[in-house]
$ cat coords-v4.cif   # mmCIF, C-alpha atoms
data_work
loop_
_atom_site.group_PDB
_atom_site.id
_atom_site.type_symbol
_atom_site.label_atom_id
_atom_site.label_comp_id
_atom_site.auth_asym_id
_atom_site.auth_seq_id
_atom_site.Cartn_x
_atom_site.Cartn_y
_atom_site.Cartn_z
ATOM 1 C CA MET A 22 -131.837 122.064 -105.287
ATOM 2 C CA LEU A 23 -131.094 118.348 -105.085
ATOM 3 C CA ARG A 24 -134.785 117.635 -104.654
ATOM 4 C CA ASP A 25 -135.622 119.618 -107.790
ATOM 5 C CA VAL A 26 -133.003 117.708 -109.785
ATOM 6 C CA ARG A 27 -134.244 114.359 -108.512
ATOM 7 C CA GLU A 28 -137.863 115.263 -109.258
ATOM 8 C CA TRP A 29 -136.892 116.359 -112.773
ATOM 9 C CA PHE A 30 -135.589 112.852 -113.436
ATOM 10 C CA ASP A 31 -137.878 110.655 -111.308
ATOM 11 C CA GLY A 32 -140.910 112.862 -110.712
ATOM 12 C CA ALA A 33 -142.326 114.174 -107.458
ATOM 13 C CA ALA A 34 -141.926 112.003 -104.381
ATOM 14 C CA ASP A 35 -144.805 109.708 -103.517
ATOM 15 C CA GLY A 36 -147.183 110.909 -100.842
ATOM 16 C CA GLU A 37 -150.220 109.540 -99.052
ATOM 17 C CA ILE A 38 -153.101 108.864 -101.457
ATOM 18 C CA ARG A 39 -156.334 110.261 -100.046
ATOM 19 C CA ALA A 40 -159.779 109.101 -101.180
ATOM 20 C CA LEU A 41 -162.632 111.472 -101.914
ATOM 21 C CA GLU A 42 -164.342 110.398 -98.689
ATOM 22 C CA GLU A 43 -161.323 111.634 -96.719
ATOM 23 C CA VAL A 44 -161.411 115.152 -98.162
ATOM 24 C CA PRO A 45 -162.487 117.633 -95.452
ATOM 25 C CA GLY A 46 -165.322 120.076 -96.051
ATOM 26 C CA ILE A 47 -167.625 117.690 -97.956
ATOM 27 C CA ASP A 48 -170.768 116.280 -96.377
ATOM 28 C CA PRO A 49 -170.631 112.451 -96.578
ATOM 29 C CA GLU A 50 -174.386 112.271 -97.134
ATOM 30 C CA ARG A 51 -174.197 114.729 -100.042
ATOM 31 C CA LEU A 52 -171.281 112.743 -101.475
ATOM 32 C CA ARG A 53 -173.372 109.565 -101.428
ATOM 33 C CA GLU A 54 -176.173 111.402 -103.208
ATOM 34 C CA LEU A 55 -173.774 112.469 -105.955
ATOM 35 C CA TRP A 56 -172.568 108.869 -106.329
ATOM 36 C CA CYS A 57 -176.174 107.750 -106.802
ATOM 37 C CA ALA A 58 -177.118 110.585 -109.167
ATOM 38 C CA GLU A 59 -173.929 110.684 -111.289
ATOM 39 C CA PRO A 60 -172.152 107.314 -110.918
ATOM 40 C CA GLU A 61 -170.098 107.547 -114.126
ATOM 41 C CA LEU A 62 -168.991 111.118 -113.456
ATOM 42 C CA MET A 63 -168.084 110.344 -109.852
ATOM 43 C CA LEU A 64 -166.194 107.209 -110.873
ATOM 44 C CA ARG A 65 -164.130 109.220 -113.333
ATOM 45 C CA LEU A 66 -163.619 111.925 -110.719
ATOM 46 C CA ASP A 67 -162.414 109.338 -108.221
ATOM 47 C CA ARG A 68 -159.954 107.866 -110.724
ATOM 48 C CA LEU A 69 -158.609 111.270 -111.738
ATOM 49 C CA HIS A 70 -158.341 112.389 -108.125
ATOM 50 C CA THR A 71 -156.194 109.347 -107.377
ATOM 51 C CA ALA A 72 -154.137 109.804 -110.553
ATOM 52 C CA ALA A 73 -153.589 113.500 -109.798
ATOM 53 C CA GLN A 74 -152.006 112.651 -106.446
ATOM 54 C CA ARG A 75 -149.275 110.676 -108.191
ATOM 55 C CA ALA A 76 -148.723 112.996 -111.167
ATOM 56 C CA PHE A 77 -145.164 113.294 -112.422
ATOM 57 C CA GLU A 78 -144.708 117.036 -111.824
ATOM 58 C CA ARG A 79 -145.405 118.456 -108.380
ATOM 59 C CA ARG A 80 -147.167 121.553 -109.686
ATOM 60 C CA THR A 81 -149.530 119.404 -111.746
ATOM 61 C CA ARG A 82 -150.165 117.179 -108.757
ATOM 62 C CA VAL A 83 -151.106 120.094 -106.521
ATOM 63 C CA ALA A 84 -153.052 122.131 -109.081
ATOM 64 C CA VAL A 85 -155.199 119.314 -110.484
ATOM 65 C CA THR A 86 -155.987 117.873 -107.055
ATOM 66 C CA GLU A 87 -157.064 121.272 -105.736
ATOM 67 C CA GLU A 88 -159.180 122.016 -108.809
ATOM 68 C CA LEU A 89 -161.038 118.699 -108.514
ATOM 69 C CA ILE A 90 -161.696 119.136 -104.800
ATOM 70 C CA ARG A 91 -162.800 122.748 -105.297
ATOM 71 C CA ALA A 92 -165.283 121.760 -107.997
ATOM 72 C CA LEU A 93 -166.589 118.839 -105.910
ATOM 73 C CA ARG A 94 -167.142 121.082 -102.908
ATOM 74 C CA ALA A 95 -168.996 123.606 -105.071
ATOM 75 C CA VAL A 96 -171.314 120.932 -106.478
ATOM 76 C CA ALA A 97 -171.865 119.497 -103.016
ATOM 77 C CA GLN A 98 -172.997 122.945 -101.897
ATOM 78 C CA GLY A 99 -175.509 123.268 -104.744
ATOM 79 C CA ALA A 100 -173.563 124.316 -107.843
ATOM 80 C CA ASP A 101 -174.405 122.920 -111.266
ATOM 81 C CA VAL A 102 -172.987 119.469 -112.023
ATOM 82 C CA ALA A 103 -171.739 120.857 -115.345
ATOM 83 C CA ARG A 104 -168.958 122.613 -113.448
ATOM 84 C CA LEU A 105 -167.715 119.305 -112.157
ATOM 85 C CA GLU A 106 -167.953 117.746 -115.619
ATOM 86 C CA THR A 107 -165.852 120.570 -117.097
ATOM 87 C CA THR A 108 -163.264 120.307 -114.327
ATOM 88 C CA VAL A 109 -163.023 116.547 -114.754
ATOM 89 C CA ALA A 110 -162.489 116.899 -118.522
ATOM 90 C CA LEU A 111 -159.774 119.534 -118.039
ATOM 91 C CA ALA A 112 -158.103 117.431 -115.351
ATOM 92 C CA GLY A 113 -157.983 114.416 -117.654
ATOM 93 C CA THR A 114 -156.376 116.493 -120.392
ATOM 94 C CA ARG A 115 -153.786 117.902 -118.023
ATOM 95 C CA LEU A 116 -152.935 114.502 -116.554
ATOM 96 C CA ARG A 117 -152.458 113.057 -120.038
ATOM 97 C CA ALA A 118 -150.099 115.937 -120.811
ATOM 98 C CA ASP A 119 -148.259 115.217 -117.553
ATOM 99 C CA ALA A 120 -147.864 111.557 -118.522
ATOM 100 C CA ALA A 121 -146.600 112.597 -121.973
ATOM 101 C CA THR A 122 -144.056 114.886 -120.298
ATOM 102 C CA ALA A 123 -142.933 112.045 -118.053
ATOM 103 C CA GLY A 124 -142.519 109.686 -121.003
ATOM 104 C CA ALA A 125 -140.685 112.214 -123.168
ATOM 105 C CA ARG A 126 -138.375 113.179 -120.322
ATOM 106 C CA GLY A 127 -137.568 109.567 -119.562
ATOM 107 C CA LEU A 128 -136.888 108.760 -123.215
ATOM 108 C CA ASN A 129 -134.728 111.850 -123.721
ATOM 109 C CA THR A 130 -132.771 111.010 -120.590
ATOM 110 C CA GLY A 131 -132.143 107.485 -121.826
ATOM 111 C CA LEU A 132 -131.033 108.688 -125.258
ATOM 112 C CA THR A 133 -128.762 111.332 -123.726
ATOM 113 C CA CYS A 134 -127.266 108.745 -121.401
ATOM 114 C CA GLY A 135 -126.524 106.515 -124.371
ATOM 115 C CA ILE A 136 -124.839 109.335 -126.277
ATOM 116 C CA VAL A 137 -122.762 110.357 -123.232
ATOM 117 C CA VAL A 138 -121.738 106.785 -122.448
ATOM 118 C CA SER A 139 -120.781 106.036 -126.069
ATOM 119 C CA PRO A 140 -117.433 107.933 -125.983
ATOM 120 C CA VAL A 141 -116.572 106.270 -122.673
ATOM 121 C CA ILE A 142 -117.201 102.841 -124.157
ATOM 122 C CA LEU A 143 -115.174 103.778 -127.228
ATOM 123 C CA VAL A 144 -112.185 104.729 -125.089
ATOM 124 C CA VAL A 145 -112.494 101.541 -123.027
ATOM 125 C CA VAL A 146 -112.752 99.361 -126.132
ATOM 126 C CA LEU A 147 -109.785 101.125 -127.712
ATOM 127 C CA ALA A 148 -107.707 100.610 -124.562
ATOM 128 C CA LEU A 149 -108.698 96.948 -124.355
ATOM 129 C CA GLY A 150 -107.958 96.491 -128.045
ATOM 130 C CA ALA A 151 -104.423 97.692 -127.458
ATOM 131 C CA TRP A 152 -103.887 95.932 -124.132
ATOM 132 C CA VAL A 153 -105.504 92.489 -124.456
ATOM 133 C CA PRO A 154 -103.436 91.297 -127.472
ATOM 134 C CA GLY A 155 -100.261 92.201 -125.568
ATOM 135 C CA MET A 156 -101.218 89.707 -122.869
ATOM 136 C CA PHE A 157 -100.815 86.959 -125.474
ATOM 137 C CA GLY A 158 -97.630 88.362 -126.935
ATOM 138 C CA VAL A 159 -99.370 89.816 -129.973
ATOM 139 C CA GLU A 160 -98.599 93.351 -131.048
ATOM 140 C CA LEU A 161 -101.118 95.260 -133.142
ATOM 141 C CA GLY A 162 -99.708 96.530 -136.387
ATOM 142 C CA CYS A 163 -100.784 99.471 -138.508
ATOM 143 C CA GLN A 164 -103.542 97.595 -140.318
ATOM 144 C CA GLU A 165 -105.024 96.197 -137.116
ATOM 145 C CA ARG A 166 -105.077 99.615 -135.457
ATOM 146 C CA LEU A 167 -106.785 101.178 -138.470
ATOM 147 C CA ALA A 168 -109.357 98.371 -138.555
ATOM 148 C CA LEU A 169 -110.076 98.879 -134.862
ATOM 149 C CA ALA A 170 -110.384 102.641 -135.339
ATOM 150 C CA GLY A 171 -112.812 102.117 -138.231
ATOM 151 C CA ALA A 172 -114.926 99.799 -136.093
ATOM 152 C CA LEU A 173 -115.122 102.381 -133.306
ATOM 153 C CA VAL A 174 -116.084 105.151 -135.726
ATOM 154 C CA CYS A 175 -118.823 102.929 -137.152
ATOM 155 C CA PHE A 176 -119.898 102.070 -133.609
ATOM 156 C CA SER A 177 -120.349 105.739 -132.665
ATOM 157 C CA GLY A 178 -122.206 106.418 -135.919
ATOM 158 C CA GLY A 179 -124.692 103.698 -134.998
ATOM 159 C CA ALA A 180 -125.499 105.465 -131.714
ATOM 160 C CA MET A 181 -126.111 108.775 -133.490
ATOM 161 C CA GLY A 182 -128.279 107.110 -136.128
ATOM 162 C CA ALA A 183 -130.429 105.414 -133.495
ATOM 163 C CA VAL A 184 -130.988 108.675 -131.594
ATOM 164 C CA PHE A 185 -131.803 110.540 -134.808
ATOM 165 C CA SER A 186 -134.279 107.853 -135.853
ATOM 166 C CA VAL A 187 -136.180 108.053 -132.557
ATOM 167 C CA ILE A 188 -136.251 111.870 -132.495
ATOM 168 C CA VAL A 189 -137.535 112.155 -136.064
ATOM 169 C CA ARG A 190 -140.368 109.685 -135.470
ATOM 170 C CA LEU A 191 -141.579 111.228 -132.221
ATOM 171 C CA ARG A 192 -143.514 114.153 -133.627
ATOM 172 C CA ASP A 193 -145.999 114.047 -130.741
ATOM 173 C CA PRO A 194 -144.990 113.067 -127.161
ATOM 174 C CA ARG A 195 -148.435 111.513 -126.694
ATOM 175 C CA GLN A 196 -147.259 108.698 -128.972
ATOM 176 C CA LEU A 197 -145.222 107.518 -125.993
ATOM 177 C CA ILE A 198 -148.262 106.792 -123.858
ATOM 178 C CA ARG A 199 -150.849 105.917 -126.502
ATOM 179 C CA ASP A 200 -152.175 102.488 -125.605
ATOM 180 C CA ARG A 201 -148.926 101.527 -123.868
ATOM 181 C CA ALA A 202 -150.968 99.618 -121.315
ATOM 182 C CA GLY A 203 -153.432 98.433 -123.959
ATOM 183 C CA VAL A 204 -156.267 100.478 -122.408
ATOM 184 C CA ARG A 205 -157.922 103.628 -123.701
ATOM 185 C CA ASP A 206 -160.010 106.011 -121.624
ATOM 186 C CA SER A 207 -163.170 107.717 -122.836
ATOM 187 C CA ALA A 208 -161.197 110.706 -124.143
ATOM 188 C CA GLY A 209 -158.969 108.485 -126.257
ATOM 189 C CA GLY A 210 -155.786 109.591 -124.575
ATOM 190 C CA GLY A 211 -154.598 106.571 -122.690
ATOM 191 C CA ASP A 212 -155.226 105.028 -119.298
ATOM 192 C CA PRO A 213 -155.482 107.626 -116.483
ATOM 193 C CA ASP A 214 -154.556 104.926 -113.969
ATOM 194 C CA ALA A 215 -151.113 104.498 -115.526
ATOM 195 C CA ASP A 216 -148.279 105.629 -113.253
ATOM 196 C CA PRO A 217 -146.287 108.387 -115.035
ATOM 197 C CA VAL A 218 -143.226 107.746 -112.865
ATOM 198 C CA GLN A 219 -143.105 104.118 -113.974
ATOM 199 C CA LEU A 220 -143.685 105.250 -117.558
ATOM 200 C CA SER A 221 -140.723 107.631 -117.329
ATOM 201 C CA ARG A 222 -138.444 104.916 -115.962
ATOM 202 C CA ALA A 223 -139.574 102.393 -118.563
ATOM 203 C CA LEU A 224 -138.950 104.805 -121.448
ATOM 204 C CA ARG A 225 -135.594 105.807 -119.980
ATOM 205 C CA GLN A 226 -134.551 102.182 -120.288
ATOM 206 C CA GLU A 227 -136.147 102.087 -123.754
ATOM 207 C CA GLY A 228 -134.083 105.090 -124.877
ATOM 208 C CA TRP A 229 -130.880 103.452 -123.683
ATOM 209 C CA TYR A 230 -131.941 100.217 -125.363
ATOM 210 C CA ARG A 231 -132.375 102.060 -128.683
ATOM 211 C CA VAL A 232 -128.795 103.319 -128.547
ATOM 212 C CA VAL A 233 -127.533 99.805 -127.777
ATOM 213 C CA VAL A 234 -129.482 98.481 -130.774
ATOM 214 C CA GLY A 235 -127.745 101.117 -132.919
ATOM 215 C CA TRP A 236 -124.366 99.935 -131.618
ATOM 216 C CA PHE A 237 -125.025 96.315 -132.527
ATOM 217 C CA LEU A 238 -126.478 97.111 -135.946
ATOM 218 C CA ALA A 239 -123.490 99.285 -136.842
ATOM 219 C CA SER A 240 -121.010 96.697 -135.558
ATOM 220 C CA ALA A 241 -122.767 93.933 -137.503
ATOM 221 C CA LEU A 242 -122.701 95.954 -140.734
ATOM 222 C CA TYR A 243 -119.016 96.742 -140.200
ATOM 223 C CA LEU A 244 -118.238 93.036 -139.854
ATOM 224 C CA LEU A 245 -120.235 92.210 -142.981
ATOM 225 C CA VAL A 246 -118.441 94.825 -145.091
ATOM 226 C CA THR A 247 -114.907 94.284 -143.813
ATOM 227 C CA GLY A 248 -115.364 90.517 -143.892
ATOM 228 C CA GLY A 249 -116.173 90.634 -147.599
ATOM 229 C CA ILE A 250 -119.661 89.187 -147.131
ATOM 230 C CA LEU A 251 -121.398 92.394 -148.202
ATOM 231 C CA THR A 252 -119.550 93.606 -151.297
ATOM 232 C CA VAL A 253 -121.995 96.314 -152.373
ATOM 233 C CA LEU A 254 -120.330 98.831 -150.038
ATOM 234 C CA THR A 255 -116.611 99.440 -150.485
ATOM 235 C CA PRO A 256 -114.564 101.762 -148.246
ATOM 236 C CA PRO A 257 -112.467 104.456 -149.992
ATOM 237 C CA ALA A 258 -109.259 102.793 -148.809
ATOM 238 C CA ALA A 259 -108.378 99.524 -147.113
ATOM 239 C CA PRO A 260 -105.989 99.434 -144.123
ATOM 240 C CA ALA A 261 -103.384 97.747 -146.316
ATOM 241 C CA ASP A 262 -103.452 100.759 -148.670
ATOM 242 C CA LEU A 263 -102.815 103.183 -145.814
ATOM 243 C CA CYS A 264 -99.962 101.337 -144.160
ATOM 244 C CA GLY A 265 -96.462 101.425 -145.543
ATOM 245 C CA PRO A 266 -92.842 101.809 -144.584
ATOM 246 C CA GLY A 267 -92.926 105.592 -144.838
ATOM 247 C CA PRO A 268 -95.216 108.329 -143.583
ATOM 248 C CA LEU A 269 -98.565 108.950 -145.222
ATOM 249 C CA SER A 270 -98.679 111.257 -148.196
ATOM 250 C CA ALA A 271 -101.214 114.041 -148.602
ATOM 251 C CA ASP A 272 -103.402 111.721 -150.664
ATOM 252 C CA GLY A 273 -103.033 109.057 -147.974
ATOM 253 C CA HIS A 274 -104.245 111.427 -145.277
ATOM 254 C CA GLY A 275 -107.207 112.357 -147.453
ATOM 255 C CA ALA A 276 -108.057 108.710 -148.017
ATOM 256 C CA LEU A 277 -107.820 108.040 -144.272
ATOM 257 C CA VAL A 278 -110.227 110.880 -143.493
ATOM 258 C CA LYS A 279 -112.644 109.684 -146.178
ATOM 259 C CA THR A 280 -112.468 106.171 -144.740
ATOM 260 C CA TRP A 281 -113.418 107.402 -141.270
ATOM 261 C CA PHE A 282 -116.288 109.437 -142.709
ATOM 262 C CA PHE A 283 -117.344 106.379 -144.690
ATOM 263 C CA TRP A 284 -117.534 104.173 -141.604
ATOM 264 C CA GLY A 285 -119.277 106.898 -139.633
ATOM 265 C CA ALA A 286 -121.923 107.192 -142.353
ATOM 266 C CA ILE A 287 -122.295 103.416 -142.565
ATOM 267 C CA GLY A 288 -122.803 103.239 -138.806
ATOM 268 C CA PHE A 289 -125.317 106.094 -138.937
ATOM 269 C CA LEU A 290 -127.369 104.375 -141.629
ATOM 270 C CA ALA A 291 -127.262 101.124 -139.672
ATOM 271 C CA GLY A 292 -128.438 102.910 -136.515
ATOM 272 C CA LEU A 293 -131.441 104.314 -138.362
ATOM 273 C CA ASN A 294 -132.787 100.781 -138.605
ATOM 274 C CA GLU A 295 -133.352 100.586 -134.838
ATOM 275 C CA ARG A 296 -137.013 101.223 -135.708
ATOM 276 C CA TRP A 297 -137.348 97.529 -136.551
ATOM 277 C CA ALA A 298 -136.786 96.685 -132.875
ATOM 278 C CA ARG A 299 -140.329 96.506 -131.555
ATOM 279 C CA GLY A 300 -141.710 97.862 -128.312
ATOM 280 C CA LEU A 301 -141.313 101.668 -128.194
ATOM 281 C CA LEU A 302 -144.574 102.884 -129.717
ATOM 282 C CA ARG A 303 -147.972 101.268 -130.009
ATOM 283 C CA HIS A 304 -150.731 102.117 -132.429
ATOM 284 C CA PRO A 305 -154.323 102.428 -131.151
ATOM 285 C CA SER A 306 -155.456 99.631 -133.462
ATOM 286 C CA ALA A 307 -152.874 97.197 -132.094
ATOM 287 C CA PRO A 308 -154.133 94.588 -129.584
ATOM 288 C CA GLY A 309 -153.105 95.082 -125.964
ATOM 289 C CA GLY A 310 -150.796 92.083 -125.984
ATOM 290 C CA GLU A 311 -149.017 92.892 -129.269
ATOM 291 C CA ALA A 312 -146.858 95.969 -129.743
ATOM 292 C CA ALA A 313 -146.728 97.687 -133.079
ATOM 293 C CA GLY A 314 -143.319 98.619 -134.403
ATOM 294 C CA PRO A 315 -142.097 102.163 -133.786
ATOM 295 C CA GLY A 316 -142.127 103.012 -137.448
ATOM 296 C CA GLU A 317 -145.609 101.558 -137.932
ATOM 297 C CA GLY A 318 -147.231 103.754 -135.318
ATOM 298 C CA THR A 319 -145.770 106.898 -136.893
ATOM 299 C CA ARG A 320 -146.533 105.984 -140.469
ATOM 300 C CA ARG A 321 -150.196 105.310 -139.751
ATOM 301 C CA SER A 322 -150.718 108.443 -137.690
#
$ encode --input "coords-v4.cif" --output "structure tokens"
Amino acid sequence: MLRDVREWFDGAADGEIRALEEVPGIDPERLRELWCAEPELMLRLDRLHTAAQRAFERRTRVAVTEELIRALRAVAQGADVARLETTVALAGTRLRADAATAGARGLNTGLTCGIVVSPVILVVVLALGAWVPGMFGVELGCQERLALAGALVCFSGGAMGAVFSVIVRLRDPRQLIRDRAGVRDSAGGGDPDADPVQLSRALRQEGWYRVVVGWFLASALYLLVTGGILTVLTPPAAPADLCGPGPLSADGHGALVKTWFFWGAIGFLAGLNERWARGLLRHPSAPGGEAAGPGEGTRRS
């Protein structure tokens, strides 16, 4: 059970990588003849055989490796080379799908982690906001508490906006692996030598990074609006309007709720702009050393 959970997150455990020459049941002399007769096909077979042994999912690793070896043995015993060509093409397609699964799973895990951690950070920030001023003999009044609450609501809205932006733009999981290493194989689906486990871990960090970008964008927009620098957006009610000597009226409660919804929406809109942080997706036309922006890759496709 624990192994299945770990493999779901990090992929199947690494095993010993065996070369084609080490596969039992194949005559070495016949294997050399195939290398001389079909060098390109055998080179691709060798690469896919190595890639299959480190596939992300165990079932893919076992199935693709066995299919390649079975086809190679058949050709070595006199079968048509076309069988091996078909098997190699199908193996490449399946390994690209495995890499896309690894990338999507890593990204989704990172985004989920960011969403789960957001409430924890909100509680910690709220506790610190109430505790730290007391260390200096400062007591937060009604207006300060409302301002802090508005900032936290905007903060959480930024996380949701960032996650929504990424999900909407990822219509095809293969976008995650397209030219990420700056190399395309003959089928146009990415580099078969890329390690899907490393891809999953990298995109897990990328997903978390997207949520963090949403936090900062929302917090920055909150500071601009409340600081009076950006006057285009005006909250329904200021903290001074909601604080008074007596309890809040019915209209006051309504204004407070609208204010929280306002800051949540502002944070959400700010989080949507995480797409301008470069690095998540690459477009096939982009050079290997320069990453296209996430929004650019989707708009062109």
$ atom_distance --input "coords-v4.cif" --atom1 "atom CA of A:Glu106" --atom2 "atom CA of A:Thr122"
24.5 Å
$ closest_residue --input "coords-v4.cif" --among "A:Ala259, A:Val44, A:Leu105, A:Val26" --to "A:Arg65" --atoms "all atoms listed in the file"
A:Leu105
$ resolve_selection --input "coords-v4.cif" --expression "the PyMOL selection byres ((chain A and resi 284) around 9)" --output "JSON, numbers by chain"
{"A": [171, 172, 173, 174, 175, 176, 178, 243, 256, 279, 280, 281, 282, 283, 285, 286, 287, 288, 289]}
$ resolve_selection --input "coords-v4.cif" --expression "the PyMOL selection byres ((chain A and resi 264) around 10)" --output "number ranges by chain"
A: 162-164, 167, 259-263, 265-269, 273
$ resolve_selection --input "coords-v4.cif" --expression "the PyMOL selection byres ((chain A and resi 235) around 8)" --output "list in words"
Phe176, Gly179, Ala180, Met181, Gly182, Ala183, Arg231, Val232, Val233, Val234, Trp236, Phe237, Leu238, Ala239, Gly288, Ala291, Gly292, Leu293, Asn294 and Glu295 of chain A
$ axis_aligned_box --input "coords-v4.cif" --around "stretch 84-91 of chain A" --padding-each-side "3 Å" --output "AutoDock Vina command-line options"
--center_x -157.9 --center_y 120.3 --center_z -107.6 --size_x 15.7 --size_y 10.9 --size_z 11.7
$ atom_distance --input "coords-v4.cif" --atom1 "atom CA of A:Gly248" --atom2 "atom CA of A:Trp229"
28.6 Å
$ atom_distance --input "coords-v4.cif" --atom1 "atom CA of A:Ala34" --atom2 "atom CA of A:Val109"
23.9 Å
$ closest_residue --input "coords-v4.cif" --among "A:Ala58, A:Ala33, A:Ile47, A:Ala125" --to "A:Arg82" --atoms "only C-alpha atoms"
A:Ala33
$ closest_residue --input "coords-v4.cif" --among "A:Gly228, A:Pro60, A:Pro140, A:Gly124" --to "A:Val184" --atoms "all atoms listed in the file"
A:Gly228
$ closest_residue --input "coords-v4.cif" --among "A:Pro45, A:Met156, A:Arg79, A:Gly113" --to "A:Arg91" --atoms "only C-alpha atoms"
A:Pro45
$ closest_residue --input "coords-v4.cif" --among "A:Met63, A:Ala118, A:Leu55, A:Ala123" --to "A:Ala100" --atoms "only C-alpha atoms"
A:Leu55
$ residues_around --input "coords-v4.cif" --residues "stretch 92-95 of chain A" --least-positions-apart "5" --cutoff "12 Å" --atoms "all atoms listed in the file" --output "ChimeraX atom specification"
/A:41-42,44-49,51-52,55-56,62-63,66-67,70,85-87,100-112
$ closest_residue --input "coords-v4.cif" --among "A:Gly127, A:Gly158, A:Gly32, A:Gly150" --to "A:Ser221" --atoms "all atoms listed in the file"
A:Gly127
$ decode --input "coords-v4.cif" --residues "stretch 234-245 of chain A" --atoms "N, CA, C and O atoms" --output "PDB file, in the first residue's frame"
ATOM      1  N   VAL A 234       3.284  32.618  -6.770  1.00  0.00           N
ATOM      2  CA  VAL A 234       3.182  33.810  -7.618  1.00  0.00           C
ATOM      3  C   VAL A 234       1.811  34.457  -7.449  1.00  0.00           C
ATOM      4  O   VAL A 234       1.689  35.689  -7.365  1.00  0.00           O
ATOM      5  N   GLY A 235       0.752  33.632  -7.381  1.00  0.00           N
ATOM      6  CA  GLY A 235      -0.589  34.170  -7.148  1.00  0.00           C
ATOM      7  C   GLY A 235      -0.690  34.896  -5.821  1.00  0.00           C
ATOM      8  O   GLY A 235      -1.339  35.945  -5.719  1.00  0.00           O
ATOM      9  N   TRP A 236      -0.049  34.352  -4.777  1.00  0.00           N
ATOM     10  CA  TRP A 236      -0.040  35.025  -3.476  1.00  0.00           C
ATOM     11  C   TRP A 236       0.565  36.426  -3.585  1.00  0.00           C
ATOM     12  O   TRP A 236      -0.014  37.410  -3.103  1.00  0.00           O
ATOM     13  N   PHE A 237       1.738  36.499  -4.192  1.00  0.00           N
ATOM     14  CA  PHE A 237       2.444  37.780  -4.253  1.00  0.00           C
ATOM     15  C   PHE A 237       1.706  38.793  -5.128  1.00  0.00           C
ATOM     16  O   PHE A 237       1.655  39.983  -4.800  1.00  0.00           O
ATOM     17  N   LEU A 238       1.139  38.331  -6.238  1.00  0.00           N
ATOM     18  CA  LEU A 238       0.398  39.253  -7.095  1.00  0.00           C
ATOM     19  C   LEU A 238      -0.817  39.815  -6.367  1.00  0.00           C
ATOM     20  O   LEU A 238      -1.117  41.016  -6.453  1.00  0.00           O
ATOM     21  N   ALA A 239      -1.546  38.943  -5.669  1.00  0.00           N
ATOM     22  CA  ALA A 239      -2.724  39.402  -4.929  1.00  0.00           C
ATOM     23  C   ALA A 239      -2.328  40.356  -3.810  1.00  0.00           C
ATOM     24  O   ALA A 239      -2.985  41.387  -3.589  1.00  0.00           O
ATOM     25  N   SER A 240      -1.261  40.017  -3.086  1.00  0.00           N
ATOM     26  CA  SER A 240      -0.818  40.895  -1.992  1.00  0.00           C
ATOM     27  C   SER A 240      -0.367  42.255  -2.528  1.00  0.00           C
ATOM     28  O   SER A 240      -0.657  43.303  -1.928  1.00  0.00           O
ATOM     29  N   ALA A 241       0.332  42.244  -3.675  1.00  0.00           N
ATOM     30  CA  ALA A 241       0.785  43.506  -4.256  1.00  0.00           C
ATOM     31  C   ALA A 241      -0.399  44.369  -4.682  1.00  0.00           C
ATOM     32  O   ALA A 241      -0.412  45.595  -4.446  1.00  0.00           O
ATOM     33  N   LEU A 242      -1.421  43.750  -5.290  1.00  0.00           N
ATOM     34  CA  LEU A 242      -2.583  44.522  -5.723  1.00  0.00           C
ATOM     35  C   LEU A 242      -3.349  45.062  -4.517  1.00  0.00           C
ATOM     36  O   LEU A 242      -3.875  46.188  -4.555  1.00  0.00           O
ATOM     37  N   TYR A 243      -3.406  44.276  -3.450  1.00  0.00           N
ATOM     38  CA  TYR A 243      -4.069  44.754  -2.227  1.00  0.00           C
ATOM     39  C   TYR A 243      -3.353  45.993  -1.676  1.00  0.00           C
ATOM     40  O   TYR A 243      -4.002  46.976  -1.273  1.00  0.00           O
ATOM     41  N   LEU A 244      -2.039  45.962  -1.659  1.00  0.00           N
ATOM     42  CA  LEU A 244      -1.281  47.111  -1.161  1.00  0.00           C
ATOM     43  C   LEU A 244      -1.484  48.334  -2.041  1.00  0.00           C
ATOM     44  O   LEU A 244      -1.592  49.464  -1.541  1.00  0.00           O
ATOM     45  N   LEU A 245      -1.555  48.128  -3.367  1.00  0.00           N
ATOM     46  CA  LEU A 245      -1.748  49.249  -4.269  1.00  0.00           C
ATOM     47  C   LEU A 245      -3.119  49.891  -4.085  1.00  0.00           C
ATOM     48  O   LEU A 245      -3.258  51.126  -4.123  1.00  0.00           O
TER      49      LEU A 245
END
